[in-house]
>>> print(open('target-v7.cif').read())   # mmCIF, C-alpha atoms
data_protein
#
loop_
_atom_site.label_atom_id
_atom_site.label_comp_id
_atom_site.auth_asym_id
_atom_site.auth_seq_id
_atom_site.Cartn_x
_atom_site.Cartn_y
_atom_site.Cartn_z
CA MET A 1147 100.40 144.04 151.85
CA LYS A 1148 96.93 144.71 150.44
CA ARG A 1149 96.40 147.55 152.90
CA ILE A 1150 99.77 149.11 152.09
CA SER A 1151 99.00 148.85 148.38
CA ALA A 1152 95.61 150.47 148.94
CA MET A 1153 97.17 153.43 150.72
CA ALA A 1154 99.85 153.78 148.06
CA ALA A 1155 97.15 153.78 145.41
CA LEU A 1156 95.26 156.45 147.34
CA ALA A 1157 98.30 158.69 147.51
CA ALA A 1158 99.16 158.16 143.85
CA ALA A 1159 95.59 158.82 142.75
CA SER A 1160 95.47 162.03 144.79
CA VAL A 1161 98.68 163.34 143.26
CA LEU A 1162 97.73 162.43 139.70
CA SER A 1163 94.27 163.92 140.02
CA GLY A 1164 95.69 167.19 141.30
CA CYS A 1165 93.93 166.85 144.66
CA ALA A 1166 97.08 166.67 146.77
CA LYS A 1167 98.86 170.03 146.69
CA PRO A 1168 101.92 171.10 148.70
CA ASP A 1169 99.74 173.34 150.88
CA SER A 1170 96.91 170.87 151.52
CA VAL A 1171 96.30 167.88 153.78
CA LEU A 1172 94.47 164.69 152.77
CA PHE A 1173 93.30 162.50 155.66
CA VAL A 1174 91.05 159.45 155.34
CA THR A 1175 89.97 156.43 157.42
CA ASN A 1176 87.85 153.42 156.52
CA ALA A 1177 86.79 150.93 159.19
CA SER A 1178 84.46 147.94 159.20
CA PHE A 1179 83.50 145.49 161.94
CA GLY A 1180 81.51 142.47 160.78
CA VAL A 1181 80.90 141.30 157.21
CA ASN A 1182 81.78 143.74 154.47
CA VAL A 1183 81.64 143.04 150.72
CA GLU A 1184 82.28 145.65 148.03
CA GLY A 1185 82.17 145.42 144.25
CA LYS A 1186 84.24 148.50 143.38
CA PRO A 1187 86.99 147.70 143.98
CA ALA A 1188 86.23 144.01 144.51
CA SER A 1189 86.91 143.16 148.16
CA ALA A 1190 85.50 141.15 151.05
CA SER A 1191 86.31 141.05 154.74
CA VAL A 1192 84.95 139.18 157.75
CA GLY A 1193 85.86 140.50 161.17
CA TYR A 1194 87.71 143.79 161.67
CA ASP A 1195 89.25 145.78 158.85
CA ARG A 1196 90.68 149.31 158.97
CA THR A 1197 92.61 151.50 156.55
CA GLU A 1198 94.05 154.94 157.29
CA GLY A 1199 95.81 157.41 155.05
CA TYR A 1200 97.50 160.76 155.64
CA LEU A 1201 99.12 162.89 152.94
CA ALA A 1202 100.51 166.25 154.02
CA PRO A 1203 103.37 168.65 153.28
CA SER A 1204 106.58 168.52 155.27
CA PHE A 1205 107.97 171.70 156.79
CA PRO A 1206 111.62 172.71 157.37
CA SER A 1207 110.93 172.89 161.12
CA GLY A 1208 109.93 169.21 161.14
CA ALA A 1209 106.37 170.02 162.20
CA ALA A 1210 103.42 168.13 160.69
CA PRO A 1211 99.73 169.13 160.52
CA PRO A 1212 98.14 167.38 163.55
CA VAL A 1213 95.56 164.64 163.07
CA ILE A 1214 93.99 161.98 165.29
CA ALA A 1215 92.10 158.82 164.38
CA SER A 1216 91.17 156.14 166.91
CA ILE A 1217 88.69 153.29 167.18
CA GLU A 1218 87.60 150.94 169.96
CA THR A 1219 85.46 147.96 169.01
CA GLY A 1220 83.69 145.18 170.86
CA GLY A 1221 80.41 143.29 171.07
CA GLY A 1222 79.15 141.08 168.26
CA LEU A 1223 77.77 141.40 164.74
CA LEU A 1224 74.22 141.98 165.97
CA ASN A 1225 75.27 144.37 168.72
CA PRO A 1226 78.52 146.09 167.76
CA LYS A 1227 80.09 148.41 170.31
CA VAL A 1228 82.21 151.09 168.73
CA ARG A 1229 83.78 154.36 169.82
CA GLN A 1230 85.56 156.23 167.07
CA LEU A 1231 87.20 159.65 166.89
CA TYR A 1232 88.55 161.65 163.96
CA ALA A 1233 90.01 165.13 164.30
CA THR A 1234 92.36 167.60 162.62
CA GLY A 1235 94.15 170.82 163.55
CA ALA A 1236 93.67 172.36 167.00
CA ALA A 1237 90.79 169.96 167.64
CA ALA A 1238 93.18 167.01 167.22
CA VAL A 1239 95.61 168.49 169.76
CA LYS A 1240 92.80 169.16 172.25
CA ALA A 1241 91.35 165.67 171.75
CA SER A 1242 94.73 164.21 172.67
CA GLY A 1243 94.33 165.77 176.12
CA SER A 1244 96.59 168.81 175.76
CA HIS A 1245 94.73 171.35 177.93
CA LYS A 1246 97.15 174.13 176.99
CA ALA A 1247 96.56 173.62 173.26
CA PRO A 1248 95.97 176.98 171.55
CA ASP A 1249 92.65 177.68 169.88
CA GLY A 1250 92.36 177.94 166.13
CA PRO A 1251 91.05 181.06 164.34
CA THR A 1252 87.54 182.09 165.41
CA THR A 1253 86.71 184.92 162.99
CA LEU A 1254 85.70 184.53 159.37
CA GLU A 1255 87.59 187.36 157.72
CA GLY A 1256 89.09 188.04 154.32
CA ALA A 1257 87.71 187.12 150.93
CA PRO A 1258 86.81 183.41 150.56
CA ALA A 1259 88.97 181.60 147.99
CA ALA A 1260 86.68 179.71 145.61
CA LYS A 1261 89.49 177.39 144.53
CA ARG A 1262 90.50 176.50 148.09
CA MET A 1263 87.38 174.81 149.38
CA ILE A 1264 87.42 172.56 152.48
CA PHE A 1265 85.77 169.16 152.22
CA PHE A 1266 84.99 166.96 155.20
CA GLY A 1267 82.54 164.07 155.20
CA THR A 1268 81.58 160.88 157.04
CA THR A 1269 79.33 157.94 156.25
CA THR A 1270 78.18 155.34 158.79
CA SER A 1271 76.34 152.02 158.55
CA LEU A 1272 75.22 150.26 161.73
CA GLY A 1273 73.28 147.05 161.25
CA MET A 1274 72.70 145.72 157.72
CA LYS A 1275 73.03 147.64 154.46
CA VAL A 1276 72.80 146.54 150.82
CA ALA A 1277 73.78 148.94 148.04
CA VAL A 1278 72.87 148.43 144.38
CA ASP A 1279 74.24 149.98 141.19
CA ALA A 1280 72.23 151.72 138.44
CA SER A 1281 71.17 148.37 136.93
CA GLY A 1282 69.82 147.11 140.26
CA THR A 1283 72.66 144.65 140.82
CA PRO A 1284 73.88 144.43 144.43
CA ASP A 1285 77.18 146.30 144.59
CA ALA A 1286 78.00 146.29 148.31
CA PHE A 1287 76.84 144.47 151.43
CA THR A 1288 77.54 145.37 155.06
CA PHE A 1289 76.45 143.46 158.14
CA GLY A 1290 77.69 144.97 161.38
CA TYR A 1291 79.44 148.34 161.47
CA LYS A 1292 81.13 150.36 158.76
CA ARG A 1293 82.33 153.96 158.76
CA LYS A 1294 84.29 156.14 156.35
CA GLU A 1295 85.76 159.56 157.11
CA TYR A 1296 87.49 161.83 154.63
CA SER A 1297 88.86 165.35 154.77
CA TYR A 1298 90.68 167.45 152.21
CA ILE A 1299 91.73 170.75 153.78
CA PRO A 1300 94.00 173.43 152.30
CA LEU A 1301 96.37 175.04 154.78
CA THR A 1302 95.77 178.75 155.35
CA LYS A 1303 98.72 181.14 155.42
CA LYS A 1304 98.51 183.10 158.66
CA ASP A 1305 101.70 185.13 158.34
CA ALA A 1306 103.31 185.68 154.93
CA LYS A 1307 106.57 186.95 156.43
CA THR A 1308 107.23 183.90 158.60
CA GLU A 1309 105.46 181.38 156.33
CA THR A 1310 103.16 180.39 159.22
CA TYR A 1311 100.14 178.25 158.35
CA VAL A 1312 96.92 177.22 160.09
CA TYR A 1313 95.33 173.77 159.72
CA PRO A 1314 91.56 174.19 160.29
CA SER A 1315 89.77 172.01 162.83
CA VAL A 1316 87.21 169.32 162.09
CA LEU A 1317 85.90 166.63 164.40
CA ALA A 1318 83.73 163.56 163.92
CA SER A 1319 82.78 161.00 166.54
CA ILE A 1320 80.46 158.06 167.03
CA ASP A 1321 79.70 156.22 170.28
CA THR A 1322 77.58 153.06 170.46
CA VAL A 1323 79.11 151.97 173.78
CA THR A 1324 77.85 154.56 176.27
CA LEU A 1325 74.25 154.57 175.07
CA ALA A 1326 74.07 150.80 174.79
CA ALA A 1327 74.96 150.56 178.49
CA ALA A 1328 72.59 153.33 179.63
CA PRO A 1329 69.48 152.18 181.59
CA ALA A 1330 67.12 154.02 179.22
CA THR A 1331 68.44 152.31 176.10
CA LYS A 1332 69.94 149.06 177.38
CA GLY A 1333 68.52 146.10 175.49
CA SER A 1334 66.61 148.32 173.05
CA GLY A 1335 68.60 147.28 169.97
CA LEU A 1336 70.98 149.44 167.99
CA THR A 1337 71.81 152.74 169.67
CA SER A 1338 74.31 155.33 168.62
CA ARG A 1339 75.42 158.88 169.25
CA GLN A 1340 77.52 160.73 166.72
CA PHE A 1341 78.40 164.28 165.87
CA PHE A 1342 80.17 166.26 163.20
CA ALA A 1343 81.73 169.67 163.79
CA THR A 1344 84.16 172.19 162.33
CA GLY A 1345 86.05 175.26 163.55
CA PRO A 1346 85.63 176.44 167.17
CA ALA A 1347 82.73 174.00 167.66
CA ALA A 1348 85.07 171.12 166.81
CA GLU A 1349 87.67 172.38 169.29
CA ALA A 1350 85.12 172.74 172.09
CA LEU A 1351 83.82 169.21 171.54
CA ALA A 1352 87.37 167.86 171.24
CA ALA A 1353 88.13 168.99 174.79
CA ASP A 1354 85.10 167.01 176.00
CA THR A 1355 86.13 163.85 174.12
CA SER A 1356 89.81 163.90 175.13
CA ALA A 1357 89.19 161.57 178.08
CA ILE A 1358 87.67 158.95 175.78
CA PHE A 1359 90.61 159.20 173.37
CA ARG A 1360 93.18 158.84 176.16
CA GLU A 1361 91.30 155.82 177.54
CA ILE A 1362 91.31 154.13 174.12
CA THR A 1363 94.96 154.96 173.50
CA GLU A 1364 96.18 153.78 176.90
CA SER A 1365 94.17 150.57 176.60
CA ALA A 1366 95.54 149.83 173.12
CA LEU A 1367 99.14 150.53 174.13
CA SER A 1368 99.09 148.58 177.39
CA ALA A 1369 97.38 145.54 175.87
CA ALA A 1370 100.57 144.60 174.00
CA LEU A 1371 102.86 144.86 177.05
CA THR A 1372 103.93 142.11 179.41
CA PRO A 1373 103.56 142.74 183.19
CA GLU A 1374 107.31 143.44 183.40
CA GLN A 1375 107.13 145.91 180.53
CA LYS A 1376 104.15 147.67 182.14
CA GLN A 1377 106.05 148.04 185.41
CA LYS A 1378 109.07 149.41 183.56
CA ALA A 1379 106.86 151.83 181.61
CA ILE A 1380 105.23 153.08 184.83
CA LYS A 1381 108.62 153.55 186.46
CA THR A 1382 109.97 155.45 183.46
CA ALA A 1383 106.87 157.63 183.30
CA THR A 1384 107.12 158.42 187.01
CA GLU A 1385 110.78 159.38 186.67
CA THR A 1386 110.02 161.54 183.63
CA VAL A 1387 107.21 163.39 185.40
CA GLU A 1388 109.40 163.95 188.47
CA ALA A 1389 112.27 165.26 186.32
CA GLN A 1390 109.94 167.60 184.47
CA ARG A 1391 108.52 168.91 187.75
CA ASN A 1392 112.01 169.58 189.09
CA ASN A 1393 113.14 171.24 185.86
CA THR A 1394 110.05 173.45 185.75
CA THR A 1395 110.48 174.46 189.39
CA ALA A 1396 114.13 175.40 188.83
CA ILE A 1397 113.28 177.43 185.72
CA MET A 1398 110.41 179.30 187.37
CA ASN A 1399 112.56 180.08 190.43
CA ALA A 1400 115.17 181.56 188.10
CA VAL A 1401 113.01 183.63 185.73
CA ALA A 1402 109.93 184.31 187.88
CA PRO A 1403 111.16 184.98 191.42
CA GLY A 1404 108.22 185.86 193.61
CA GLY A 1405 105.76 184.63 191.00
CA ALA A 1406 106.17 187.46 188.45
CA LEU A 1407 107.87 186.62 185.17
CA ASP A 1408 111.05 188.60 184.49
CA THR A 1409 111.17 188.69 180.69
CA GLU A 1410 114.82 189.81 180.64
CA LYS A 1411 115.85 186.81 182.72
CA LEU A 1412 113.78 184.56 180.47
CA LYS A 1413 115.46 185.99 177.38
CA ALA A 1414 118.91 185.48 178.93
CA LEU A 1415 118.05 181.86 179.76
CA LEU A 1416 116.73 181.22 176.26
CA ASP A 1417 119.89 182.70 174.76
CA ALA A 1418 122.00 180.46 176.99
CA ALA A 1419 120.00 177.36 176.03
CA ASN A 1420 120.07 178.17 172.31
CA ALA A 1421 123.82 178.80 172.53
CA LYS A 1422 124.08 175.15 173.59
CA GLY A 1423 122.12 174.07 170.53
CA ALA A 1424 118.60 173.99 171.99
CA ASP A 1425 117.00 175.96 169.13
CA LEU A 1426 113.83 176.71 171.13
CA SER A 1427 111.00 178.42 169.30
CA SER A 1428 110.11 182.10 169.66
CA THR A 1429 106.94 181.01 171.49
CA TYR A 1430 108.91 180.92 174.73
CA ALA A 1431 110.40 184.39 174.24
CA ALA A 1432 106.91 185.75 173.58
CA GLN A 1433 105.63 184.75 177.02
CA THR A 1434 104.71 187.62 179.35
CA THR A 1435 103.28 185.76 182.35
CA ALA A 1436 104.59 183.10 184.69
CA GLU A 1437 101.40 181.08 184.17
CA GLY A 1438 101.87 181.08 180.40
CA LEU A 1439 105.48 179.93 180.64
CA ARG A 1440 104.65 177.23 183.18
CA GLY A 1441 101.92 175.93 180.84
CA LEU A 1442 104.39 175.65 177.95
CA LEU A 1443 106.92 173.82 180.08
CA HIS A 1444 104.21 171.45 181.31
CA GLU A 1445 103.41 170.50 177.70
CA ASP A 1446 107.04 170.24 176.55
CA PRO A 1447 109.30 168.20 178.88
CA HIS A 1448 112.16 168.35 176.35
CA ALA A 1449 112.17 172.16 176.37
CA ALA A 1450 112.06 172.16 180.17
CA MET A 1451 115.09 169.87 180.22
CA LEU A 1452 117.01 172.10 177.79
CA LEU A 1453 116.23 175.29 179.70
CA ALA A 1454 117.06 173.70 183.05
CA GLY A 1455 120.34 172.50 181.55
CA ALA A 1456 121.25 176.10 180.73
CA LEU A 1457 120.77 177.26 184.32
CA PRO A 1458 123.80 177.80 186.57
CA SER A 1459 124.35 174.69 188.66
CA SER A 1460 123.50 176.58 191.85
CA GLN A 1461 119.99 177.31 190.55
CA THR A 1462 119.17 173.79 189.39
CA ASN A 1463 119.33 172.57 192.97
CA GLN A 1464 116.76 175.04 194.28
CA ASP A 1465 113.38 173.73 195.49
#
>>> encode(input="target-v7.cif", output="structure tokens")
Amino acid sequence: MKRISAMAALAAASVLSGCAKPDSVLFVTNASFGVNVEGKPASASVGYDRTEGYLAPSFPSGAAPPVIASIETGGGLLNPKVRQLYATGAAAVKASGSHKAPDGPTTLEGAPAAKRMIFFGTTTSLGMKVAVDASGTPDAFTFGYKRKEYSYIPLTKKDAKTETYVYPSVLASIDTVTLAAAPATKGSGLTSRQFFATGPAAEALAADTSAIFREITESALSAALTPEQKQKAIKTATETVEAQRNNTTAIMNAVAPGGALDTEKLKALLDAANAKGADLSSTYAAQTTAEGLRGLLHEDPHAAMLLAGALPSSQTNQD
């Protein structure tokens, strides 16, 4: 209840202060592992404590600005082992392991808007930290690990006619696990590796960290499952992958016979699928290569199912 109240207060404060606007995204995390005491607001925690908040506009399409926040903790108070990731925009999609994720804008063009500044910051404490106020009175005490990440990023309108927006990329990461286990630093005390990046640099680093994020996510999800549930999940995943492979093969045989994409056949298939209520985005119609279409279908099993469902029954059985 306290955590929910804290997030509600954060959202309310953002709205009242004018920070949260319909075309901006507020994203914040606060994690501590160990002993953490703060005076403003008065709070104390022993063990693991984490708060996350996300305030963003909703779009008629149902899409939401992409974000990722994950943490993996272990070790003890004197030797905390933490791996933490924080990303927004295209970097968040790439960090999730989506290899076909499009890149964000790479050129700085147009006049900068002074009233639409981007803010992104992190603060990390590893070990022991004591903070004092102006009078010299201790105001906060941390023993172990503590990290705060905060971003306030206005969305950028990419296309005024279609109301298309871009959510800029930022990425922050810290790793005290890998270095602590390395021969050169093992047993040498506190070790850490962290970085902070924005724009294309964030997206490039996100691709490199995606394996870590997937490992953390899979570990966290599977830890709560019973052996029977894990077996069922594996079976379902296997069946889903097999169905997607079959659907993709049938679609590519129909619209790209011989390996070359026939855009007219693709358009006809999209029209047939949308006539059945699929409502697939124009991204599919814009494809000009078989490789590009196959990549989209690989990332979107639902779309592959809808398109395969619009094929004549004789084509769905092709190898």
>>> residues_around(input="target-v7.cif", residues="Arg1440 in chain A", least_positions_apart="4", cutoff="8 Å", atoms="all atoms listed in the file", output="PyMOL selection string")
chain A and resi 1394+1398+1436+1444
>>> atom_distance(input="target-v7.cif", atom1="CA of Ala1233 in chain A", atom2="CA of Ser1204 in chain A")
19.2 Å
>>> resolve_selection(input="target-v7.cif", expression="the PyMOL selection byres ((chain A and resi 1457) around 9)", output="count of residues only")
15
>>> residues_around(input="target-v7.cif", residues="range 1237-1241 of chain A", least_positions_apart="6", cutoff="10 Å", atoms="all atoms listed in the file", output="PyMOL selection string")
chain A and resi 1211-1215+1231+1247-1250+1313-1317+1343-1360
>>> closest_residue(input="target-v7.cif", among="A:Asp1408, A:Thr1270, A:Pro1447, A:Glu1437", to="Ala1383 in chain A", atoms="all atoms listed in the file")
A:Pro1447
>>> resolve_selection(input="target-v7.cif", expression="the PyMOL selection byres ((chain A and resi 1435) around 10)", output="mmCIF file with C-alpha atoms, in the frame of the given file")
data_model
loop_
_atom_site.group_PDB
_atom_site.id
_atom_site.type_symbol
_atom_site.label_atom_id
_atom_site.label_comp_id
_atom_site.auth_asym_id
_atom_site.auth_seq_id
_atom_site.Cartn_x
_atom_site.Cartn_y
_atom_site.Cartn_z
ATOM 1 C CA ALA A 1402 109.930 184.310 187.880
ATOM 2 C CA GLY A 1405 105.760 184.630 191.000
ATOM 3 C CA ALA A 1406 106.170 187.460 188.450
ATOM 4 C CA LEU A 1407 107.870 186.620 185.170
ATOM 5 C CA ASP A 1408 111.050 188.600 184.490
ATOM 6 C CA THR A 1409 111.170 188.690 180.690
ATOM 7 C CA ALA A 1432 106.910 185.750 173.580
ATOM 8 C CA GLN A 1433 105.630 184.750 177.020
ATOM 9 C CA THR A 1434 104.710 187.620 179.350
ATOM 10 C CA ALA A 1436 104.590 183.100 184.690
ATOM 11 C CA GLU A 1437 101.400 181.080 184.170
ATOM 12 C CA GLY A 1438 101.870 181.080 180.400
ATOM 13 C CA LEU A 1439 105.480 179.930 180.640
ATOM 14 C CA ARG A 1440 104.650 177.230 183.180
#
>>> closest_residue(input="target-v7.cif", among="A:Ser1242, A:Thr1269, A:Ser1297, A:Thr1234", to="Leu1172 in chain A", atoms="all atoms listed in the file")
A:Ser1297
>>> closest_residue(input="target-v7.cif", among="A:Phe1205, A:Glu1198, A:Gly1235, A:Asn1176", to="Ile1299 in chain A", atoms="all atoms listed in the file")
A:Gly1235
>>> residues_around(input="target-v7.cif", residues="Pro1300 in chain A", least_positions_apart="5", cutoff="10 Å", atoms="only C-alpha atoms", output="PDB file with C-alpha atoms, in the coordinates of the input")
ATOM      1  CA  ALA A1166      97.080 166.670 146.770  1.00  0.00           C
ATOM      2  CA  LYS A1167      98.860 170.030 146.690  1.00  0.00           C
ATOM      3  CA  PRO A1168     101.920 171.100 148.700  1.00  0.00           C
ATOM      4  CA  ASP A1169      99.740 173.340 150.880  1.00  0.00           C
ATOM      5  CA  SER A1170      96.910 170.870 151.520  1.00  0.00           C
ATOM      6  CA  VAL A1171      96.300 167.880 153.780  1.00  0.00           C
ATOM      7  CA  LEU A1172      94.470 164.690 152.770  1.00  0.00           C
ATOM      8  CA  ALA A1202     100.510 166.250 154.020  1.00  0.00           C
ATOM      9  CA  LYS A1261      89.490 177.390 144.530  1.00  0.00           C
ATOM     10  CA  ARG A1262      90.500 176.500 148.090  1.00  0.00           C
ATOM     11  CA  MET A1263      87.380 174.810 149.380  1.00  0.00           C
ATOM     12  CA  ILE A1264      87.420 172.560 152.480  1.00  0.00           C
ATOM     13  CA  PHE A1265      85.770 169.160 152.220  1.00  0.00           C
ATOM     14  CA  TYR A1311     100.140 178.250 158.350  1.00  0.00           C
ATOM     15  CA  VAL A1312      96.920 177.220 160.090  1.00  0.00           C
ATOM     16  CA  TYR A1313      95.330 173.770 159.720  1.00  0.00           C
ATOM     17  CA  PRO A1314      91.560 174.190 160.290  1.00  0.00           C
TER      18      PRO A1314
END
>>> atom_distance(input="target-v7.cif", atom1="CA of Asp1425 in chain A", atom2="CA of Thr1308 in chain A")
16.4 Å
>>> closest_residue(input="target-v7.cif", among="A:Ser1271, A:Thr1197, A:Asn1420, A:Ser1427", to="Leu1452 in chain A", atoms="all atoms listed in the file")
A:Asn1420
>>> atom_distance(input="target-v7.cif", atom1="CA of Tyr1291 in chain A", atom2="CA of Phe1179 in chain A")
5.0 Å
>>> closest_residue(input="target-v7.cif", among="A:Thr1384, A:Asn1392, A:Ser1319, A:Ser1281", to="Lys1294 in chain A", atoms="only C-alpha atoms")
A:Ser1319
>>> axis_aligned_box(input="target-v7.cif", around="range 1426-1441 of chain A", padding_each_side="4 Å", output="lines of an AutoDock Vina configuration file")
center_x = 107.6
center_y = 181.8
center_z = 177.0
size_x = 20.4
size_y = 19.7
size_z = 23.4
>>> closest_residue(input="target-v7.cif", among="A:Tyr1296, A:Phe1173, A:Phe1287, A:Tyr1232", to="Ser1216 in chain A", atoms="all atoms listed in the file")
A:Tyr1232
